[in-house]
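Listing of input_9.cif, mmCIF, C-alpha atoms
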```
data_structure
loop_
_atom_site.label_atom_id
_atom_site.label_comp_id
_atom_site.auth_asym_id
_atom_site.auth_seq_id
_atom_site.Cartn_x
_atom_site.Cartn_y
_atom_site.Cartn_z
CA MET A 25 -19.84 -20.25 8.34
CA ILE A 26 -17.81 -18.80 5.48
CA ARG A 27 -14.97 -16.46 6.49
CA ILE A 28 -13.48 -14.14 3.89
CA ALA A 29 -10.53 -11.80 4.50
CA VAL A 30 -10.37 -8.71 2.29
CA ALA A 31 -6.67 -7.95 2.02
CA ASN A 32 -3.99 -6.14 0.07
CA GLN A 33 -0.94 -4.61 1.71
CA LYS A 34 -1.21 -1.65 -0.66
CA GLY A 35 -3.39 1.15 0.70
CA GLY A 36 -6.11 2.99 -1.18
CA VAL A 37 -7.23 0.08 -3.34
CA GLY A 38 -10.81 -0.11 -2.08
CA LYS A 39 -10.54 -2.80 0.61
CA THR A 40 -12.99 -1.20 3.02
CA THR A 41 -15.41 -0.12 0.30
CA THR A 42 -15.37 -3.67 -1.01
CA ALA A 43 -15.78 -5.23 2.45
CA ILE A 44 -18.79 -3.17 3.54
CA ASN A 45 -20.63 -3.26 0.23
CA VAL A 46 -20.12 -6.98 -0.35
CA ALA A 47 -21.24 -7.61 3.23
CA THR A 48 -24.33 -5.45 2.69
CA ALA A 49 -25.21 -7.18 -0.57
CA ILE A 50 -24.86 -10.65 0.97
CA ALA A 51 -26.98 -9.60 3.96
CA ALA A 52 -29.66 -8.45 1.51
CA THR A 53 -29.99 -12.04 0.28
CA GLY A 54 -31.15 -13.13 3.73
CA ARG A 55 -27.84 -14.39 5.07
CA ARG A 56 -26.53 -13.24 8.44
CA VAL A 57 -23.25 -11.38 7.99
CA LEU A 58 -20.62 -10.07 10.38
CA ILE A 59 -17.90 -7.56 9.48
CA VAL A 60 -14.75 -7.74 11.58
CA ASP A 61 -12.97 -4.38 11.38
CA LEU A 62 -9.30 -5.30 11.75
CA ASP A 63 -7.95 -1.95 10.58
CA PRO A 64 -6.91 0.57 13.28
CA GLN A 65 -8.33 3.36 11.10
CA GLY A 66 -11.80 1.97 11.79
CA ASN A 67 -13.15 2.89 8.37
CA SER A 68 -15.44 -0.13 8.11
CA SER A 69 -16.99 0.83 11.43
CA THR A 70 -17.58 4.39 10.23
CA GLY A 71 -18.76 3.18 6.84
CA VAL A 72 -21.66 1.22 8.32
CA GLY A 73 -22.68 4.03 10.66
CA VAL A 74 -21.20 2.89 13.99
CA ASP A 75 -19.79 6.00 15.66
CA GLN A 76 -17.00 6.16 18.21
CA ASN A 77 -19.34 6.25 21.22
CA ALA A 78 -20.84 2.90 20.24
CA ARG A 79 -17.45 1.17 20.12
CA GLN A 80 -17.27 0.16 23.76
CA ARG A 81 -15.69 -3.21 23.00
CA THR A 82 -13.65 -3.63 19.86
CA SER A 83 -11.55 -6.03 17.82
CA TYR A 84 -8.59 -4.92 19.94
CA ASP A 85 -10.31 -6.07 23.15
CA MET A 86 -11.21 -9.34 21.47
CA LEU A 87 -7.67 -10.04 20.27
CA ILE A 88 -6.01 -9.37 23.61
CA GLY A 89 -8.60 -11.48 25.42
CA ALA A 90 -10.34 -8.66 27.29
CA CYS A 91 -13.71 -9.75 25.89
CA SER A 92 -15.20 -12.47 23.72
CA ALA A 93 -16.01 -11.96 20.05
CA ALA A 94 -19.73 -12.07 20.84
CA ASP A 95 -19.35 -9.35 23.47
CA ALA A 96 -17.69 -7.08 20.90
CA VAL A 97 -20.46 -7.40 18.31
CA VAL A 98 -22.67 -4.36 17.69
CA ALA A 99 -25.75 -4.16 15.50
CA THR A 100 -25.88 -1.89 12.47
CA ALA A 101 -28.89 -0.20 10.91
CA ILE A 102 -28.64 -2.66 8.03
CA PRO A 103 -30.82 -5.77 8.49
CA ARG A 104 -28.84 -8.96 9.23
CA LEU A 105 -25.51 -7.09 9.22
CA SER A 106 -23.45 -6.88 12.43
CA LEU A 107 -20.00 -5.51 13.19
CA ILE A 108 -17.04 -5.98 15.48
CA PRO A 109 -15.76 -2.39 15.43
CA SER A 110 -12.26 -1.00 15.57
CA THR A 111 -10.56 2.04 17.05
CA VAL A 112 -7.03 3.39 16.92
CA ASP A 113 -6.26 1.25 20.00
CA LEU A 114 -5.87 -1.65 17.59
CA SER A 115 -2.60 -0.17 16.34
CA GLY A 116 -1.06 -1.25 19.65
CA ALA A 117 -1.99 -4.86 19.00
CA GLU A 118 0.85 -5.21 16.49
CA VAL A 119 3.27 -4.87 19.42
CA GLU A 120 1.24 -6.49 22.21
CA LEU A 121 0.36 -9.65 20.31
CA VAL A 122 4.00 -10.48 19.64
CA GLU A 123 4.45 -11.62 23.23
CA MET A 124 1.12 -13.45 23.51
CA GLU A 125 0.63 -17.19 23.22
CA GLY A 126 -0.87 -18.23 19.89
CA ARG A 127 -0.46 -14.68 18.61
CA ILE A 128 -1.53 -15.35 15.02
CA HIS A 129 -4.39 -17.66 16.04
CA ARG A 130 -6.16 -15.15 18.30
CA LEU A 131 -8.83 -14.16 15.79
CA ASP A 132 -9.43 -17.73 14.64
CA THR A 133 -9.88 -18.88 18.22
CA ALA A 134 -12.27 -16.02 19.02
CA LEU A 135 -14.44 -16.68 15.96
CA GLN A 136 -14.72 -20.40 16.74
CA ALA A 137 -16.79 -19.68 19.87
CA PRO A 138 -20.26 -21.29 19.73
CA ALA A 139 -21.96 -17.89 19.96
CA MET A 140 -20.36 -16.88 16.65
CA GLN A 141 -21.81 -19.78 14.69
CA VAL A 142 -25.03 -17.84 14.04
CA TYR A 143 -23.37 -16.04 11.10
CA ASP A 144 -23.40 -17.33 7.54
CA TYR A 145 -20.55 -15.05 6.45
CA ILE A 146 -17.78 -13.25 8.29
CA ILE A 147 -16.02 -10.55 6.26
CA ILE A 148 -12.68 -9.43 7.72
CA ASP A 149 -11.45 -5.99 6.66
CA CYS A 150 -7.64 -6.05 6.93
CA PRO A 151 -5.19 -3.17 7.40
CA PRO A 152 -2.92 -2.12 4.50
CA SER A 153 0.03 -4.24 5.65
CA LEU A 154 1.16 -7.83 5.98
CA GLY A 155 1.70 -7.57 9.73
CA ILE A 156 0.32 -9.65 12.57
CA LEU A 157 -3.26 -8.36 12.15
CA THR A 158 -3.43 -9.46 8.52
CA MET A 159 -1.79 -12.75 9.48
CA ASN A 160 -4.54 -13.28 12.07
CA ALA A 161 -7.12 -12.67 9.36
CA MET A 162 -5.49 -15.16 6.97
CA VAL A 163 -5.27 -17.83 9.65
CA ALA A 164 -8.93 -17.29 10.56
CA ALA A 165 -10.28 -17.16 7.00
CA GLN A 166 -11.05 -19.86 4.48
CA SER A 167 -10.80 -17.44 1.57
CA LEU A 168 -9.01 -14.27 0.55
CA LEU A 169 -10.61 -11.55 -1.56
CA VAL A 170 -8.02 -9.22 -3.08
CA PRO A 171 -9.03 -5.77 -4.38
CA LEU A 172 -6.58 -4.57 -7.04
CA GLN A 173 -6.59 -0.99 -8.25
CA CYS A 174 -6.52 -0.36 -12.00
CA GLU A 175 -3.30 1.65 -12.03
CA PHE A 176 0.22 1.30 -13.39
CA PHE A 177 1.62 -0.40 -10.28
CA ALA A 178 -1.35 -2.73 -9.86
CA LEU A 179 0.69 -5.92 -9.82
CA GLU A 180 3.48 -4.45 -7.73
CA GLY A 181 3.43 -6.13 -4.34
CA LEU A 182 0.89 -8.74 -5.38
CA SER A 183 3.64 -11.38 -5.55
CA GLN A 184 4.54 -10.56 -1.94
CA LEU A 185 0.90 -11.06 -0.91
CA LEU A 186 0.74 -14.35 -2.79
CA ASN A 187 3.97 -15.52 -1.12
CA THR A 188 2.49 -14.67 2.27
CA VAL A 189 -0.62 -16.67 1.42
CA GLU A 190 1.56 -19.67 0.54
CA ARG A 191 3.45 -19.41 3.83
CA VAL A 192 0.21 -19.22 5.80
CA ARG A 193 -1.20 -22.15 3.87
CA ALA A 194 1.94 -24.24 4.42
CA GLY A 195 2.40 -23.46 8.09
CA TYR A 196 -0.89 -22.43 9.66
CA ASN A 197 -4.01 -22.72 7.53
CA GLN A 198 -4.10 -25.32 4.75
CA ARG A 199 -7.68 -24.43 3.81
CA LEU A 200 -6.83 -20.82 2.84
CA ASN A 201 -7.51 -20.06 -0.81
CA ILE A 202 -7.80 -16.96 -2.95
CA ILE A 203 -11.48 -16.74 -3.80
CA GLY A 204 -10.74 -14.02 -6.32
CA VAL A 205 -9.13 -10.75 -7.34
CA VAL A 206 -11.44 -7.82 -8.02
CA LEU A 207 -10.34 -4.90 -10.16
CA THR A 208 -11.28 -1.58 -8.56
CA MET A 209 -11.27 2.12 -9.43
CA TYR A 210 -11.64 1.40 -13.14
CA ASP A 211 -11.90 4.54 -15.27
CA LYS A 212 -13.34 3.72 -18.68
CA ARG A 213 -12.16 7.10 -19.98
CA ASN A 214 -8.57 6.14 -19.27
CA ARG A 215 -6.87 3.71 -21.65
CA LEU A 216 -4.44 2.81 -18.87
CA SER A 217 -7.26 1.25 -16.83
CA GLU A 218 -8.19 -0.91 -19.80
CA GLN A 219 -4.59 -1.97 -20.32
CA VAL A 220 -4.06 -2.77 -16.64
CA ALA A 221 -7.24 -4.85 -16.56
CA ALA A 222 -6.08 -6.79 -19.61
CA ASP A 223 -2.61 -7.34 -18.11
CA VAL A 224 -4.01 -8.56 -14.79
CA ARG A 225 -6.34 -11.01 -16.54
CA ALA A 226 -3.46 -12.25 -18.70
CA VAL A 227 -1.34 -12.93 -15.60
CA LEU A 228 -3.97 -14.24 -13.17
CA GLY A 229 -6.57 -15.74 -15.48
CA LYS A 230 -9.90 -16.96 -14.11
CA ILE A 231 -9.07 -15.99 -10.55
CA VAL A 232 -10.01 -12.40 -11.55
CA PHE A 233 -13.71 -11.64 -11.16
CA GLU A 234 -15.58 -10.68 -14.30
CA THR A 235 -17.11 -7.72 -12.46
CA ILE A 236 -15.01 -4.55 -12.42
CA ILE A 237 -15.64 -1.81 -9.85
CA PRO A 238 -15.63 1.62 -11.54
CA ARG A 239 -14.46 4.92 -10.16
CA ASN A 240 -17.68 6.39 -8.87
CA VAL A 241 -18.31 9.54 -6.84
CA ARG A 242 -21.22 7.96 -4.96
CA LEU A 243 -18.89 5.25 -3.65
CA SER A 244 -16.68 8.01 -2.26
CA GLU A 245 -19.56 10.01 -0.78
CA ALA A 246 -21.32 7.14 1.01
CA PRO A 247 -18.91 6.67 3.97
CA SER A 248 -19.28 10.31 5.00
CA HIS A 249 -22.98 9.55 5.54
CA GLY A 250 -22.21 6.41 7.53
CA LEU A 251 -23.77 4.22 4.86
CA PRO A 252 -22.59 1.58 2.41
CA ALA A 253 -23.04 2.76 -1.17
CA LEU A 254 -25.70 0.09 -1.66
CA VAL A 255 -27.85 1.87 0.91
CA TYR A 256 -26.79 5.42 0.07
CA ASP A 257 -27.56 5.04 -3.65
CA HIS A 258 -28.32 1.51 -4.81
CA ARG A 259 -28.79 2.65 -8.40
CA CYS A 260 -25.37 4.22 -8.93
CA ALA A 261 -22.81 2.44 -11.11
CA GLY A 262 -20.64 1.54 -8.11
CA SER A 263 -23.51 -0.09 -6.23
CA GLU A 264 -24.63 -2.05 -9.26
CA ALA A 265 -21.07 -3.30 -9.70
CA TYR A 266 -20.87 -4.46 -6.07
CA ILE A 267 -24.19 -6.27 -6.44
CA ASP A 268 -22.80 -8.09 -9.48
CA LEU A 269 -19.55 -8.84 -7.63
CA SER A 270 -21.49 -10.29 -4.70
CA ARG A 271 -23.43 -12.57 -7.03
CA GLU A 272 -20.14 -13.82 -8.44
CA LEU A 273 -18.72 -14.27 -4.95
CA LEU A 274 -21.75 -16.26 -3.80
CA GLY A 275 -21.40 -18.38 -6.90
CA ARG A 276 -17.84 -19.23 -5.91
CA THR A 277 -18.52 -19.83 -2.21
CA GLU A 278 -21.92 -21.51 -2.61
CA PRO A 279 -21.96 -22.96 -6.12
CA HIS A 280 -25.24 -24.79 -5.56
CA ALA A 281 -27.11 -21.88 -3.97
CA ARG A 282 -29.13 -19.20 -5.66
CA ALA A 283 -28.14 -15.56 -5.18
CA ALA A 284 -31.00 -13.08 -4.96
#
```
Write the structure described by the file as structure tokens, please.
Amino acid sequence: MIRIAVANQKGGVGKTTTAINVATAIAATGRRVLIVDLDPQGNSSTGVGVDQNARQRTSYDMLIGACSAADAVVATAIPRLSLIPSTVDLSGAEVELVEMEGRIHRLDTALQAPAMQVYDYIIIDCPPSLGILTMNAMVAAQSLLVPLQCEFFALEGLSQLLNTVERVRAGYNQRLNIIGVVLTMYDKRNRLSEQVAADVRAVLGKIVFETIIPRNVRLSEAPSHGLPALVYDHRCAGSEAYIDLSRELLGRTEPHARAA
């Protein structure tokens, strides 16, 4: 099982869009994929078509020990793609987990259950913060995927995220690595986007994926239909970019495997 946390403490950088479309693309290759929605906003859950009424057990229930991870899993309409959904209740976990034993290992422990070993990939969609939920994701994951928006302040806060990764690696999860940084919301009509992309590559080097995710209206429309963009319009520029990104990601996580 390969566990990847999609994280950046800055909001609005495309974390959820990246999580659900990468998960969909990997599932399309025949692998079994699970999305863990660890954001109280529940956008990943909405984005794959799981409405509020279907969220009887959630990531909140799993983290506080009210149910197992397997009990919280719901099917989606997308073949081989499952979800542990989220609701606003999860916002209370930031406070409740502080007093619980093994508070930053709760997700890792839940995902180690034998019933969870049926998945090839687990994609964890993190909230826009470096709080206890994101810490749980980093402790549970082997790899971190960082979406970075092509804007003036793109690198602002990235050093804080990298410092957090080093602390987690040193104290809790030695296997954690940054699988890559993906540039999002790229506007080819804007010279600033081009400059930011060049600056990020100059600073971070090969850790940055070759694929760049463009600003694309179909990517924005898809969640309102409860569909990943790859299902809503697989031919749009945004979907094609996420397919390319997923090929790159598979190449980094499974260097000897073929991506469809």
Counting only C-alpha atoms, what are the residues of range 34-128 of chain A within 12 Å of range 196-204 of chain A, and for each of them which pair of atoms is the nearest and at what distance in Å, to one decimal? Sort the table by chain and rising number, as a tab-separated table.
```
residue	atom	partner	partner_atom	distance
A:Gly126	CA	A:Tyr196	CA	11.1
A:Arg127	CA	A:Tyr196	CA	11.8
A:Ile128	CA	A:Tyr196	CA	8.9
```
Legend entry - Pick from A:Ala117, A:Leu182, A:Val142, A:Val97 nearest to Gly155 in chain A, counting all atoms listed in the file: A:Ala117
Legend entry - Closest of A:Thr111, A:Ser167, A:Asn240, A:Gln80 to Leu273 in chain A - atom-to-atom distances counting only C-alpha atoms: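 Answer, going by the shortest atom-to-atom distance: A:Ser167.
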Inset, instruction - Name the residues that the PyMOL selection byres ((chain A and resi 258-268) around 9) picks from the file above, as a VMD selection string, using the file's chain letters and numbers. - result: chain A and resid 42 45 to 46 49 to 50 235 to 243 252 to 257 269 to 273
Inset, instruction - State, in Å with one decimal place, the distance from CA of Gly275 in chain A to CA of Val205 in chain A. - result: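 Separation between CA of Gly275 in chain A and CA of Val205 in chain A: 14.5 Å.
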Inset, instruction - Name the closest residue to His249 in chain A among the candidates A:Val72, A:Ala134, A:Leu169, A:Ala47; distances are taken between atoms, counting all atoms listed in the file. - result: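 The closest residue to His249 in chain A is A:Val72.
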Inset, instruction - List the residues matched by the PyMOL selection byres ((chain A and resi 152) around 7) in the displayed structure as a PyMOL selection string, ordered by chain and then by residue number. - result: chain A and resi 32-35+150-151+153
Legend entry - Hits from the PyMOL selection byres ((chain A and resi 98-103) around 12), listed as a ChimeraX atom specification: /A:44-45,47-61,68-83,93-97,104-110,250-252,254-256
Legend entry - Residue nearest Gly89 in chain A among A:Leu179, A:Met124, A:Ala222, A:Val37 (counting all atoms listed in the file): A:Met124
Using the atoms already present, construct all heavy atoms for range 84-95 of chain A and hand them back as an mmCIF file, keeping the file's coordinate frame.
```
data_model
loop_
_atom_site.group_PDB
_atom_site.id
_atom_site.type_symbol
_atom_site.label_atom_id
_atom_site.label_comp_id
_atom_site.auth_asym_id
_atom_site.auth_seq_id
_atom_site.Cartn_x
_atom_site.Cartn_y
_atom_site.Cartn_z
ATOM 1 N N TYR A 84 -9.778 -4.945 19.084
ATOM 2 C CA TYR A 84 -8.590 -4.920 19.940
ATOM 3 C C TYR A 84 -8.849 -5.681 21.240
ATOM 4 O O TYR A 84 -8.056 -6.547 21.647
ATOM 5 C CB TYR A 84 -8.190 -3.476 20.238
ATOM 6 C CG TYR A 84 -7.159 -3.336 21.338
ATOM 7 C CD1 TYR A 84 -5.820 -3.640 21.102
ATOM 8 C CD2 TYR A 84 -7.519 -2.900 22.612
ATOM 9 C CE1 TYR A 84 -4.865 -3.518 22.113
ATOM 10 C CE2 TYR A 84 -6.583 -2.769 23.628
ATOM 11 C CZ TYR A 84 -5.251 -3.078 23.360
ATOM 12 O OH TYR A 84 -4.315 -2.966 24.372
ATOM 13 N N ASP A 85 -9.960 -5.387 21.903
ATOM 14 C CA ASP A 85 -10.310 -6.070 23.150
ATOM 15 C C ASP A 85 -10.454 -7.574 22.920
ATOM 16 O O ASP A 85 -10.032 -8.385 23.754
ATOM 17 C CB ASP A 85 -11.621 -5.507 23.712
ATOM 18 C CG ASP A 85 -11.510 -4.029 24.032
ATOM 19 O OD1 ASP A 85 -10.605 -3.655 24.777
ATOM 20 O OD2 ASP A 85 -12.333 -3.252 23.518
ATOM 21 N N MET A 86 -11.042 -7.931 21.797
ATOM 22 C CA MET A 86 -11.210 -9.340 21.470
ATOM 23 C C MET A 86 -9.863 -10.037 21.291
ATOM 24 O O MET A 86 -9.638 -11.127 21.826
ATOM 25 C CB MET A 86 -12.045 -9.469 20.193
ATOM 26 C CG MET A 86 -12.180 -10.876 19.655
ATOM 27 S SD MET A 86 -13.018 -10.889 18.040
ATOM 28 C CE MET A 86 -11.806 -10.011 17.014
ATOM 29 N N LEU A 87 -8.952 -9.411 20.566
ATOM 30 C CA LEU A 87 -7.670 -10.040 20.270
ATOM 31 C C LEU A 87 -6.786 -10.203 21.504
ATOM 32 O O LEU A 87 -6.045 -11.180 21.620
ATOM 33 C CB LEU A 87 -6.913 -9.237 19.203
ATOM 34 C CG LEU A 87 -7.494 -9.303 17.789
ATOM 35 C CD1 LEU A 87 -6.753 -8.344 16.871
ATOM 36 C CD2 LEU A 87 -7.408 -10.723 17.225
ATOM 37 N N ILE A 88 -6.853 -9.260 22.421
ATOM 38 C CA ILE A 88 -6.010 -9.370 23.610
ATOM 39 C C ILE A 88 -6.680 -10.179 24.716
ATOM 40 O O ILE A 88 -6.113 -10.377 25.788
ATOM 41 C CB ILE A 88 -5.578 -7.989 24.155
ATOM 42 C CG1 ILE A 88 -6.788 -7.208 24.694
ATOM 43 C CG2 ILE A 88 -4.821 -7.203 23.093
ATOM 44 C CD1 ILE A 88 -6.408 -5.956 25.469
ATOM 45 N N GLY A 89 -7.917 -10.641 24.466
ATOM 46 C CA GLY A 89 -8.600 -11.480 25.420
ATOM 47 C C GLY A 89 -9.376 -10.747 26.494
ATOM 48 O O GLY A 89 -9.803 -11.340 27.480
ATOM 49 N N ALA A 90 -9.595 -9.438 26.301
ATOM 50 C CA ALA A 90 -10.340 -8.660 27.290
ATOM 51 C C ALA A 90 -11.842 -8.888 27.177
ATOM 52 O O ALA A 90 -12.601 -8.564 28.094
ATOM 53 C CB ALA A 90 -10.029 -7.172 27.132
ATOM 54 N N CYS A 91 -12.298 -9.412 26.054
ATOM 55 C CA CYS A 91 -13.710 -9.750 25.890
ATOM 56 C C CYS A 91 -13.820 -10.829 24.823
ATOM 57 O O CYS A 91 -12.875 -11.079 24.065
ATOM 58 C CB CYS A 91 -14.553 -8.524 25.521
ATOM 59 S SG CYS A 91 -14.351 -7.964 23.814
ATOM 60 N N SER A 92 -14.968 -11.469 24.756
ATOM 61 C CA SER A 92 -15.200 -12.470 23.720
ATOM 62 C C SER A 92 -15.609 -11.774 22.421
ATOM 63 O O SER A 92 -15.965 -10.588 22.411
ATOM 64 C CB SER A 92 -16.315 -13.428 24.147
ATOM 65 O OG SER A 92 -17.556 -12.740 24.195
ATOM 66 N N ALA A 93 -15.567 -12.516 21.335
ATOM 67 C CA ALA A 93 -16.010 -11.960 20.050
ATOM 68 C C ALA A 93 -17.474 -11.538 20.131
ATOM 69 O O ALA A 93 -17.858 -10.471 19.649
ATOM 70 C CB ALA A 93 -15.797 -12.974 18.941
ATOM 71 N N ALA A 94 -18.301 -12.376 20.743
ATOM 72 C CA ALA A 94 -19.730 -12.070 20.840
ATOM 73 C C ALA A 94 -19.984 -10.799 21.630
ATOM 74 O O ALA A 94 -20.890 -10.013 21.299
ATOM 75 C CB ALA A 94 -20.478 -13.246 21.471
ATOM 76 N N ASP A 95 -19.184 -10.549 22.657
ATOM 77 C CA ASP A 95 -19.350 -9.350 23.470
ATOM 78 C C ASP A 95 -18.974 -8.083 22.690
ATOM 79 O O ASP A 95 -19.415 -6.985 23.037
ATOM 80 C CB ASP A 95 -18.497 -9.431 24.733
ATOM 81 C CG ASP A 95 -19.076 -10.403 25.755
ATOM 82 O OD1 ASP A 95 -20.273 -10.696 25.672
ATOM 83 O OD2 ASP A 95 -18.305 -10.875 26.625
#
```
